[in-house]
file data.txt (compact mmCIF, C-alpha atoms)
# COMPACT_ATOMS: atom_id res chain seq x y z
CA MET A 96 86.95 83.63 52.26
CA LYS A 97 89.19 86.39 53.67
CA ARG A 98 91.67 85.24 56.30
CA GLU A 99 91.87 87.61 59.24
CA LYS A 100 95.40 88.92 59.71
CA ILE A 101 96.76 89.07 63.27
CA LEU A 102 99.97 90.72 64.49
CA LEU A 103 101.50 89.92 67.88
CA ILE A 104 104.10 92.29 69.35
CA SER A 105 105.78 90.92 72.46
CA HIS A 106 109.18 90.37 74.05
CA ASN A 107 108.46 86.71 74.66
CA PHE A 108 107.56 83.88 72.30
CA SER A 109 108.28 80.25 71.48
CA PRO A 110 110.43 78.32 72.16
CA GLU A 111 110.55 79.87 75.65
CA PRO A 112 109.22 77.07 77.90
CA THR A 113 107.57 79.09 80.66
CA GLY A 114 105.73 82.31 81.37
CA ILE A 115 104.55 84.78 78.75
CA GLY A 116 106.58 83.20 75.94
CA LYS A 117 104.87 79.84 76.48
CA TYR A 118 101.37 81.35 76.34
CA ASN A 119 102.17 83.60 73.38
CA GLY A 120 103.49 80.61 71.45
CA GLU A 121 100.44 78.48 72.22
CA MET A 122 98.07 81.36 71.41
CA ILE A 123 99.61 81.98 68.00
CA GLU A 124 99.72 78.25 67.24
CA TRP A 125 96.01 77.98 68.06
CA LEU A 126 95.17 81.00 65.91
CA ALA A 127 97.23 79.75 62.95
CA LYS A 128 95.68 76.28 63.12
CA ASN A 129 92.23 77.86 63.23
CA GLY A 130 92.72 79.72 59.97
CA TYR A 131 94.22 83.07 60.98
CA ASP A 132 97.16 84.65 59.13
CA CYS A 133 99.62 85.34 61.98
CA THR A 134 102.74 87.49 62.17
CA VAL A 135 104.91 87.89 65.28
CA ILE A 136 107.44 90.59 66.14
CA THR A 137 109.56 89.48 69.07
CA THR A 138 113.15 88.94 70.15
CA PHE A 139 115.30 85.85 70.59
CA PRO A 140 114.32 83.36 73.31
CA TYR A 141 116.01 84.31 76.58
CA TYR A 142 113.56 83.60 79.43
CA PRO A 143 113.83 82.28 82.12
CA GLN A 144 117.61 81.93 81.71
CA TRP A 145 118.15 85.65 80.98
CA LYS A 146 120.48 84.57 78.21
CA VAL A 147 119.69 84.00 74.53
CA GLN A 148 119.30 80.28 73.96
CA ALA A 149 120.99 78.19 71.27
CA PRO A 150 120.72 77.84 68.34
CA TYR A 151 119.77 81.51 68.32
CA SER A 152 122.20 84.39 68.68
CA ASN A 153 121.48 88.01 69.51
CA ARG A 154 123.53 89.63 66.77
CA TRP A 155 121.03 90.85 64.20
CA TYR A 156 117.50 90.54 62.86
CA LYS A 157 116.14 87.17 61.79
CA LYS A 158 113.01 86.22 59.87
CA GLU A 159 111.72 82.70 60.26
CA ILE A 160 108.70 80.72 59.17
CA ILE A 161 107.24 78.31 61.72
CA ASP A 162 105.49 75.26 60.28
CA TYR A 163 103.23 73.13 62.43
CA PRO A 164 103.69 69.53 61.25
CA ASP A 165 100.18 68.35 62.10
CA SER A 166 98.53 71.07 59.98
CA ASP A 167 99.09 73.39 57.01
CA ALA A 168 99.44 76.40 59.31
CA LYS A 169 102.44 78.73 59.07
CA VAL A 170 103.50 81.73 61.14
CA THR A 171 105.95 84.47 60.16
CA VAL A 172 108.23 85.52 63.01
CA TYR A 173 110.53 88.54 63.03
CA ARG A 174 113.16 88.29 65.78
CA CYS A 175 114.94 91.46 66.81
CA PRO A 176 118.23 91.92 68.70
CA SER A 177 118.06 93.39 72.18
CA TYR A 178 119.90 94.02 75.40
CA ILE A 179 119.49 91.10 77.85
CA PRO A 180 120.71 91.87 81.39
CA THR A 181 122.32 88.93 83.18
CA ARG A 182 121.21 90.50 86.48
CA PRO A 183 117.81 92.09 85.73
CA THR A 184 117.54 94.90 88.25
CA GLY A 185 114.79 97.48 87.85
CA LYS A 186 117.00 99.95 85.98
CA ARG A 187 118.52 97.30 83.74
CA ARG A 188 115.09 95.99 82.81
CA MET A 189 114.09 99.52 81.84
CA VAL A 190 117.10 99.64 79.52
CA GLN A 191 116.07 96.24 78.16
CA ASP A 192 112.54 97.46 77.49
CA ILE A 193 113.81 100.54 75.67
CA SER A 194 116.14 98.41 73.53
CA PHE A 195 113.25 96.09 72.61
CA TRP A 196 111.14 99.07 71.62
CA PHE A 197 113.90 100.59 69.49
CA PHE A 198 114.82 97.45 67.57
CA LYS A 199 111.21 96.35 67.05
CA SER A 200 110.28 99.75 65.65
CA TRP A 201 112.48 99.13 62.60
CA VAL A 202 110.60 95.95 61.74
CA ILE A 203 107.28 97.74 62.15
CA PHE A 204 108.40 100.59 59.86
CA LYS A 205 109.31 98.04 57.20
CA LEU A 206 105.94 96.29 57.51
CA LEU A 207 104.07 99.58 57.26
CA LEU A 208 106.09 100.72 54.24
CA SER A 209 105.22 97.41 52.53
CA SER A 210 101.52 98.28 53.01
CA LYS A 211 101.01 95.28 55.29
CA LYS A 212 97.65 95.56 57.07
CA PHE A 213 96.34 93.70 60.08
CA ASP A 214 92.80 93.18 61.34
CA LEU A 215 93.90 92.65 64.95
CA ILE A 216 97.09 93.81 66.66
CA ILE A 217 97.95 92.23 70.03
CA THR A 218 100.54 93.65 72.40
CA VAL A 219 101.40 91.88 75.64
CA ALA A 220 102.53 93.58 78.84
CA PRO A 221 105.06 93.60 80.32
CA PRO A 222 106.47 95.83 79.11
CA PHE A 223 103.42 98.05 79.08
CA HIS A 224 104.83 100.60 76.62
CA LEU A 225 104.96 98.11 73.70
CA ALA A 226 101.38 99.19 73.10
CA TYR A 227 102.78 102.35 71.50
CA LEU A 228 104.11 100.18 68.68
CA GLY A 229 100.66 98.66 68.35
CA LEU A 230 99.14 102.13 68.20
CA MET A 231 101.63 103.04 65.47
CA VAL A 232 100.41 100.12 63.35
CA LYS A 233 96.76 100.85 64.12
CA ASN A 234 97.00 104.57 63.30
CA TYR A 235 98.93 104.04 60.07
CA SER A 236 97.14 101.07 58.53
CA GLY A 237 94.01 100.42 60.60
CA GLY A 238 92.94 97.39 62.59
CA LYS A 239 91.90 96.95 66.21
CA LEU A 240 94.39 96.91 69.07
CA LEU A 241 94.14 94.45 71.97
CA TYR A 242 96.32 95.30 74.98
CA HIS A 243 96.78 92.14 77.05
CA ILE A 244 98.20 92.38 80.59
CA GLN A 245 99.98 89.32 81.97
CA ASP A 246 101.69 91.18 84.85
CA MET A 247 100.93 94.63 86.26
CA GLN A 248 104.46 95.78 85.69
CA ILE A 249 104.56 99.21 87.29
CA GLU A 250 102.81 98.17 90.50
CA ALA A 251 105.01 95.09 90.81
CA ALA A 252 108.19 97.15 90.36
CA GLN A 253 106.93 99.67 92.93
CA ASP A 254 105.79 97.17 95.56
CA LEU A 255 108.88 94.99 95.22
CA GLY A 256 111.15 98.01 95.62
CA MET A 257 112.60 97.79 92.11
CA LEU A 258 111.61 101.42 91.45
CA SER A 259 111.52 104.02 94.23
CA SER A 260 111.39 107.40 92.50
CA ASN A 261 107.91 108.87 92.97
CA LYS A 262 108.44 111.25 90.08
CA LEU A 263 109.37 108.39 87.76
CA LEU A 264 106.46 106.24 88.98
CA ASP A 265 103.98 109.08 88.43
CA LYS A 266 105.27 109.51 84.89
CA LEU A 267 105.00 105.79 84.16
CA TYR A 268 101.42 105.68 85.44
CA GLU A 269 100.59 108.70 83.28
CA ILE A 270 102.04 106.98 80.19
CA GLU A 271 100.13 103.79 81.01
CA TYR A 272 96.84 105.66 81.39
CA ASN A 273 97.38 107.31 78.02
CA LEU A 274 97.84 103.89 76.42
CA LEU A 275 94.84 102.32 78.15
CA SER A 276 92.68 105.20 76.96
CA LYS A 277 93.64 104.73 73.30
CA VAL A 278 93.55 100.96 72.75
CA ASP A 279 90.41 99.23 71.48
CA TYR A 280 90.41 96.30 73.88
CA ILE A 281 92.06 95.59 77.23
CA SER A 282 92.34 92.09 78.67
CA THR A 283 94.04 90.44 81.62
CA ILE A 284 94.31 87.03 83.24
CA SER A 285 92.37 87.10 86.52
CA GLU A 286 89.33 88.77 88.03
CA GLY A 287 91.43 90.54 90.64
CA MET A 288 93.59 92.04 87.90
CA VAL A 289 90.48 92.97 85.91
CA ASP A 290 89.28 95.00 88.90
CA LYS A 291 92.67 96.69 89.31
CA VAL A 292 92.80 97.70 85.65
CA LYS A 293 89.23 99.01 85.74
CA ALA A 294 90.28 101.25 88.63
CA LYS A 295 92.86 102.82 86.30
CA VAL A 296 90.64 103.63 83.33
CA ASP A 297 86.90 103.83 82.65
CA LYS A 298 86.73 101.05 80.05
CA ASP A 299 85.61 97.45 79.80
CA VAL A 300 88.34 94.95 80.64
CA LEU A 301 88.10 91.43 79.24
CA LEU A 302 88.95 88.34 81.25
CA PHE A 303 91.46 86.36 79.15
CA PRO A 304 92.91 83.74 81.50
CA ASN A 305 95.90 81.52 80.91
CA TRP A 306 95.05 77.96 79.91
CA ALA A 307 96.46 74.45 80.04
CA ASP A 308 96.91 71.79 77.38
CA THR A 309 95.08 69.02 79.21
CA SER A 310 95.87 66.47 76.50
CA TYR A 311 99.63 67.04 76.71
CA PHE A 312 99.80 67.51 80.49
CA PHE A 313 97.99 64.80 82.44
CA PRO A 314 98.31 62.65 85.58
CA ILE A 315 100.53 59.56 85.49
CA SER A 316 99.46 56.83 87.90
CA GLU A 317 102.83 55.05 88.33
CA LYS A 318 104.48 57.66 90.54
CA ASP A 319 106.73 55.12 92.24
CA LYS A 320 108.47 54.32 88.94
CA ILE A 321 108.91 58.02 88.19
CA LYS A 322 110.48 58.64 91.59
CA LEU A 323 112.90 55.76 91.16
CA LYS A 324 113.81 57.00 87.68
CA TRP A 325 114.69 60.43 89.10
CA GLY A 326 116.75 58.96 91.94
CA TYR A 327 114.19 59.10 94.77
CA GLN A 328 112.47 56.42 96.83
CA PRO A 329 108.73 55.60 96.46
CA ASN A 330 108.05 56.72 100.06
CA ASP A 331 109.76 60.09 99.63
CA LEU A 332 107.52 63.14 99.79
CA ILE A 333 108.66 65.28 96.85
CA VAL A 334 108.01 69.02 97.21
CA LEU A 335 108.61 70.82 93.91
CA TYR A 336 108.96 74.44 92.89
CA SER A 337 109.18 74.74 89.09
CA GLY A 338 109.27 78.14 87.46
CA ALA A 339 111.09 81.44 87.27
CA ILE A 340 113.58 82.08 90.05
CA GLY A 341 113.23 85.76 90.79
CA GLU A 342 112.60 88.22 93.56
CA LYS A 343 108.81 88.12 93.58
CA GLN A 344 108.67 84.41 94.48
CA GLY A 345 110.47 84.64 97.83
CA LEU A 346 112.22 81.31 97.24
CA GLU A 347 114.68 81.76 100.07
CA ASN A 348 111.80 80.57 102.26
CA VAL A 349 112.00 77.15 100.59
CA ILE A 350 115.63 76.91 101.73
CA PHE A 351 114.71 77.91 105.28
CA ALA A 352 111.83 75.39 105.36
CA ALA A 353 114.17 72.67 104.07
CA GLU A 354 116.57 73.49 106.90
CA ILE A 355 113.81 73.04 109.49
CA LEU A 356 112.92 69.65 107.96
CA LYS A 357 116.45 68.38 107.37
CA GLN A 358 115.95 65.56 109.90
CA GLU A 359 112.87 64.32 107.99
CA THR A 360 114.83 62.06 105.67
CA GLN A 361 111.86 61.20 103.46
CA VAL A 362 110.98 64.84 102.69
CA LYS A 363 112.82 66.08 99.58
CA PHE A 364 112.69 69.54 98.01
CA ILE A 365 113.37 70.37 94.36
CA ILE A 366 113.80 73.83 92.85
CA CYS A 367 113.61 73.68 89.06
CA GLY A 368 114.16 76.66 86.84
CA SER A 369 116.45 79.49 85.97
CA GLY A 370 116.70 83.11 86.92
CA PRO A 371 118.83 85.84 88.44
CA TYR A 372 118.56 84.57 92.04
CA LYS A 373 119.28 80.89 91.45
CA GLU A 374 122.99 81.06 92.23
CA ARG A 375 122.28 82.92 95.45
CA LEU A 376 119.81 80.23 96.54
CA ILE A 377 122.32 77.50 95.74
CA GLU A 378 124.89 79.37 97.83
CA ILE A 379 122.51 79.65 100.81
CA ALA A 380 121.68 75.93 100.66
CA ARG A 381 125.39 75.08 100.46
CA GLU A 382 126.22 77.31 103.43
CA LYS A 383 123.57 75.51 105.46
CA GLY A 384 124.85 72.10 104.43
CA LEU A 385 121.44 70.95 103.18
CA SER A 386 121.23 67.59 101.43
CA ASN A 387 117.42 67.51 101.20
CA ILE A 388 117.12 70.07 98.41
CA ASN A 389 118.16 69.71 94.78
CA PHE A 390 118.43 72.35 92.08
CA VAL A 391 117.68 71.24 88.52
CA PRO A 392 117.58 73.18 85.23
CA VAL A 393 114.49 74.00 83.19
CA GLN A 394 113.06 70.78 81.76
CA GLY A 395 112.30 70.28 78.08
CA LYS A 396 108.70 69.98 76.99
CA GLU A 397 109.17 66.32 76.04
CA SER A 398 109.93 65.37 79.67
CA PHE A 399 108.03 68.07 81.53
CA ASN A 400 104.81 66.14 82.08
CA GLU A 401 106.70 63.26 83.70
CA PHE A 402 108.78 65.67 85.76
CA LEU A 403 105.70 67.46 87.14
CA ASN A 404 104.17 64.08 88.01
CA LEU A 405 107.26 63.37 90.11
CA ALA A 406 106.00 65.79 92.76
CA ASP A 407 103.60 64.97 95.59
CA VAL A 408 103.22 68.67 96.38
CA HIS A 409 103.86 71.72 94.21
CA LEU A 410 104.82 75.14 95.55
CA VAL A 411 103.12 78.25 94.17
CA LEU A 412 104.84 81.05 96.02
CA GLN A 413 104.35 84.81 95.96
CA LYS A 414 105.37 87.59 98.26
CA ALA A 415 102.48 89.30 100.00
CA ASN A 416 102.89 92.54 98.09
CA ALA A 417 102.57 90.74 94.72
CA SER A 418 98.94 89.77 95.37
CA ASP A 419 96.77 90.27 92.25
CA LEU A 420 99.63 92.04 90.49
CA VAL A 421 100.61 88.71 88.95
CA MET A 422 98.82 85.37 88.56
CA PRO A 423 101.34 82.51 88.57
CA SER A 424 101.35 80.97 85.11
CA LYS A 425 102.73 77.71 86.51
CA LEU A 426 99.43 77.00 88.28
CA THR A 427 97.56 75.99 85.12
CA THR A 428 100.02 73.22 84.25
CA ILE A 429 100.08 71.99 87.85
CA LEU A 430 96.31 71.65 87.76
CA ALA A 431 96.43 69.88 84.40
CA VAL A 432 98.69 67.12 85.76
CA GLY A 433 96.39 66.73 88.76
CA GLY A 434 98.90 68.22 91.17
CA THR A 435 98.03 69.67 94.53
CA CYS A 436 99.86 72.73 95.72
CA ILE A 437 100.84 74.80 98.71
CA VAL A 438 99.96 78.37 97.78
CA THR A 439 101.10 81.55 99.48
CA CYS A 440 98.61 84.33 98.89
CA LEU A 441 96.40 86.79 100.72
CA ALA A 442 92.68 86.30 101.40
CA GLY A 443 90.54 87.99 98.78
CA SER A 444 93.04 87.68 95.94
CA SER A 445 92.04 85.85 92.75
CA LEU A 446 94.50 83.08 93.51
CA TYR A 447 93.07 82.63 97.03
CA ASN A 448 89.48 82.57 95.80
CA ILE A 449 90.06 79.93 93.11
CA VAL A 450 92.17 77.61 95.26
CA ASN A 451 89.82 77.95 98.22
CA LYS A 452 86.52 77.62 96.36
CA TYR A 453 87.52 74.58 94.34
CA ASP A 454 89.65 72.91 97.04
CA LEU A 455 92.72 72.77 94.80
CA GLY A 456 95.45 73.01 97.42
CA TYR A 457 96.62 74.41 100.74
CA ILE A 458 96.73 78.16 101.33
CA ILE A 459 99.26 79.54 103.80
CA GLU A 460 100.54 82.94 104.83
CA PRO A 461 103.11 84.42 102.42
CA GLU A 462 106.77 84.74 103.42
CA ASN A 463 106.55 82.50 106.51
CA PHE A 464 108.95 79.58 106.15
CA GLU A 465 108.00 78.07 109.52
CA ILE A 466 104.38 77.71 108.42
CA LEU A 467 105.58 76.32 105.09
CA ALA A 468 107.70 73.68 106.84
CA ASP A 469 104.82 72.78 109.16
CA LYS A 470 102.40 72.36 106.25
CA VAL A 471 104.85 70.14 104.34
CA LEU A 472 105.27 67.96 107.42
CA GLN A 473 101.49 67.64 107.81
CA LEU A 474 101.22 66.42 104.22
CA ARG A 475 103.78 63.74 104.94
CA TYR A 476 101.09 62.02 107.04
CA ASN A 477 97.91 63.17 105.30
CA LYS A 478 97.93 61.54 101.88
CA GLU A 479 94.19 60.92 101.52
CA GLU A 480 93.35 64.62 101.65
CA THR A 481 96.12 65.35 99.16
CA ILE A 482 94.76 62.73 96.74
CA ARG A 483 91.32 64.39 96.91
CA LYS A 484 92.79 67.77 96.07
CA CYS A 485 94.74 66.23 93.17
CA ASN A 486 91.50 64.89 91.72
CA ASN A 487 89.87 68.30 92.15
CA ALA A 488 92.79 69.95 90.34
CA ARG A 489 92.50 67.73 87.28
CA GLN A 490 88.73 68.17 87.06
CA TYR A 491 89.09 71.94 87.37
CA ALA A 492 91.64 71.98 84.53
CA LEU A 493 89.41 69.90 82.27
CA LYS A 494 86.39 72.11 82.90
CA TYR A 495 87.83 75.62 83.03
CA LEU A 496 91.28 75.71 81.43
CA ASN A 497 90.62 74.24 77.99
CA ILE A 498 92.43 76.35 75.38
CA ASP A 499 89.64 75.98 72.81
CA ASN A 500 87.16 77.47 75.26
CA VAL A 501 89.38 80.35 76.36
CA MET A 502 90.66 81.30 72.89
CA GLY A 503 87.36 80.73 71.13
CA ILE A 504 85.42 83.11 73.33
CA LEU A 505 88.09 85.83 73.21
CA ILE A 506 88.22 85.71 69.42
CA ASP A 507 84.43 85.79 69.29
CA GLN A 508 84.59 89.05 71.22
CA VAL A 509 87.48 90.90 69.59
CA VAL A 510 87.33 89.58 66.00
CA ASN A 511 83.68 88.65 65.52
CA LYS A 512 82.65 91.56 67.77
CA SER A 513 80.06 89.69 69.81
CA PRO A 514 78.30 92.09 72.21
CA VAL A 515 78.82 90.01 75.36
CA PHE A 516 82.06 88.62 76.77
CA GLU A 517 81.30 85.63 78.95
CA LEU A 518 83.64 82.82 79.86
CA ASP A 519 82.68 79.70 81.75
CA LEU A 520 85.13 80.37 84.55
CA PRO A 521 84.63 80.46 88.29
CA LYS A 522 83.67 83.78 89.79
CA ASN A 523 85.06 85.23 92.98
CA ASN A 524 82.72 85.01 95.95

call {"tool": "encode", "arguments": {"input": "data.txt", "output": "structure tokens"}}
result
Amino acid sequence: MKREKILLISHNFSPEPTGIGKYNGEMIEWLAKNGYDCTVITTFPYYPQWKVQAPYSNRWYKKEIIDYPDSDAKVTVYRCPSYIPTRPTGKRRMVQDISFWFFKSWVIFKLLLSSKKFDLIITVAPPFHLAYLGLMVKNYSGGKLLYHIQDMQIEAAQDLGMLSSNKLLDKLYEIEYNLLSKVDYISTISEGMVDKVKAKVDKDVLLFPNWADTSYFFPISEKDKIKLKWGYQPNDLIVLYSGAIGEKQGLENVIFAAEILKQETQVKFIICGSGPYKERLIEIAREKGLSNINFVPVQGKESFNEFLNLADVHLVLQKANASDLVMPSKLTTILAVGGTCIVTCLAGSSLYNIVNKYDLGYIIEPENFEILADKVLQLRYNKEETIRKCNNARQYALKYLNIDNVMGILIDQVVNKSPVFELDLPKNN
């Protein structure tokens, strides 16, 4: 029986622990273990630290074979050198994207010259223009091209003020439309983003949401022991933000909320992660003399489930102008461990609709640290409601975020070419 050949082209891949790299790695692992012949063209792991991580270096190309010990599956990975900005401003990220494109193109030329053919080519945005490399493979050797959108890159850069030139923005939108018109399939991760992409181009857009490994991430009942292990007291209310530390999260509001609650000695904040704004946040907290907030590095996968279970409340923060341009990838893992969350989002967004409909957490106004502090204080004395939401979160993850369900239905659509794309996921009201 012929094994379908799949090529992934993306900046991010395993062993990156969060974001797009995490989901790309899990997607390819699932495909390989389910009998697909997978090849990946990527760079060296750098996110969310914005620095290439040991034992890798960024000096030259590297080919590696990934073996999965619990199966016979193997994946071929081509890693390409690239420019990694230590302070990723809008212009520097554009240079980064161009460098990725340039160095990846050499690997693709070599694959094409070797007569390598693929049945399905997947490119993941951001950056949106990587789809041109997918089109190159498709046009030269055949195969179908799936263009998957994790973040709406151009809108996010525009709304967050990272790009301000109208002429440049118009050109980027024109390039994006040209790509969307030529690919075979378009997918994205939330219904709100599906609607936004459909407004750009008259084509079907598939819902391909992020998932959670509900067997690896799960609730742990002995929270008191976990708190003591991490240096906290059983009666402490632990408020955790874990994820990328960048501009779109508005994390300075966590510092300001912690300042308001500095007299509440049993309320403790943790910011876990890495990113270009972390040092600035640490500086702000130091200037304010705050002892109720700790900064910790990205946690390894082997300890991450326990670490997430440390929290009584998780923070899922977005600025108002990021609504439905991104869907926080951290949410799926929070739900898998049965965590409740305080979410900042606007009414009508996909994030709002899911959290509200399934009673998964507390929704507050974005970018308002006084409301955030007030909500945290309420939860200090309202544990029964929080426990109910935690139970709802775990049940939601088990029912809707199973990777076999999500991946199986997508593959049925784009590889087996089933006429209907339906996923048992909640619909917006």

call {"tool": "residues_around", "arguments": {"input": "data.txt", "residues": "segment 357-359 of chain A", "least_positions_apart": "2", "cutoff": "9 Å", "atoms": "only C-alpha atoms", "output": "JSON, numbers by chain"}}
result
{"A": [352, 353, 354, 355, 361, 362, 363, 385, 386, 387, 472]}

call {"tool": "residues_around", "arguments": {"input": "data.txt", "residues": "segment 195-208 of chain A", "least_positions_apart": "4", "cutoff": "7 Å", "atoms": "all atoms listed in the file", "output": "MDAnalysis selection string"}}
result
chainID A and resid 136 175:177 191 225 228

call {"tool": "write_last_selection", "arguments": {"input": "data.txt", "atoms": "C-alpha atoms", "output": "compact mmCIF listing (two decimals), in the coordinates of the input"}}
result
# COMPACT_ATOMS: atom_id res chain seq x y z
CA ILE A 136 107.44 90.59 66.14
CA CYS A 175 114.94 91.46 66.81
CA PRO A 176 118.23 91.92 68.70
CA SER A 177 118.06 93.39 72.18
CA GLN A 191 116.07 96.24 78.16
CA LEU A 225 104.96 98.11 73.70
CA LEU A 228 104.11 100.18 68.68

call {"tool": "residues_around", "arguments": {"input": "data.txt", "residues": "Asp331 of chain A", "least_positions_apart": "3", "cutoff": "12 Å", "atoms": "all atoms listed in the file", "output": "JSON, numbers by chain"}}
result
{"A": [318, 319, 321, 322, 323, 325, 326, 327, 328, 334, 359, 360, 361, 362, 363, 364, 387, 405, 406, 407, 408, 472, 474, 475, 476]}

call {"tool": "closest_residue", "arguments": {"input": "data.txt", "among": "A:Arg174, A:Lys414, A:Lys158, A:His243", "to": "Asn119 of chain A", "atoms": "all atoms listed in the file"}}
result
A:His243

call {"tool": "atom_distance", "arguments": {"input": "data.txt", "atom1": "atom CA of Thr137 of chain A", "atom2": "atom CA of Lys293 of chain A"}}
result
28.0 Å

call {"tool": "closest_residue", "arguments": {"input": "data.txt", "among": "A:Gln413, A:Ser369, A:Ser337, A:Gln148", "to": "Ala251 of chain A", "atoms": "all atoms listed in the file"}}
result
A:Gln413
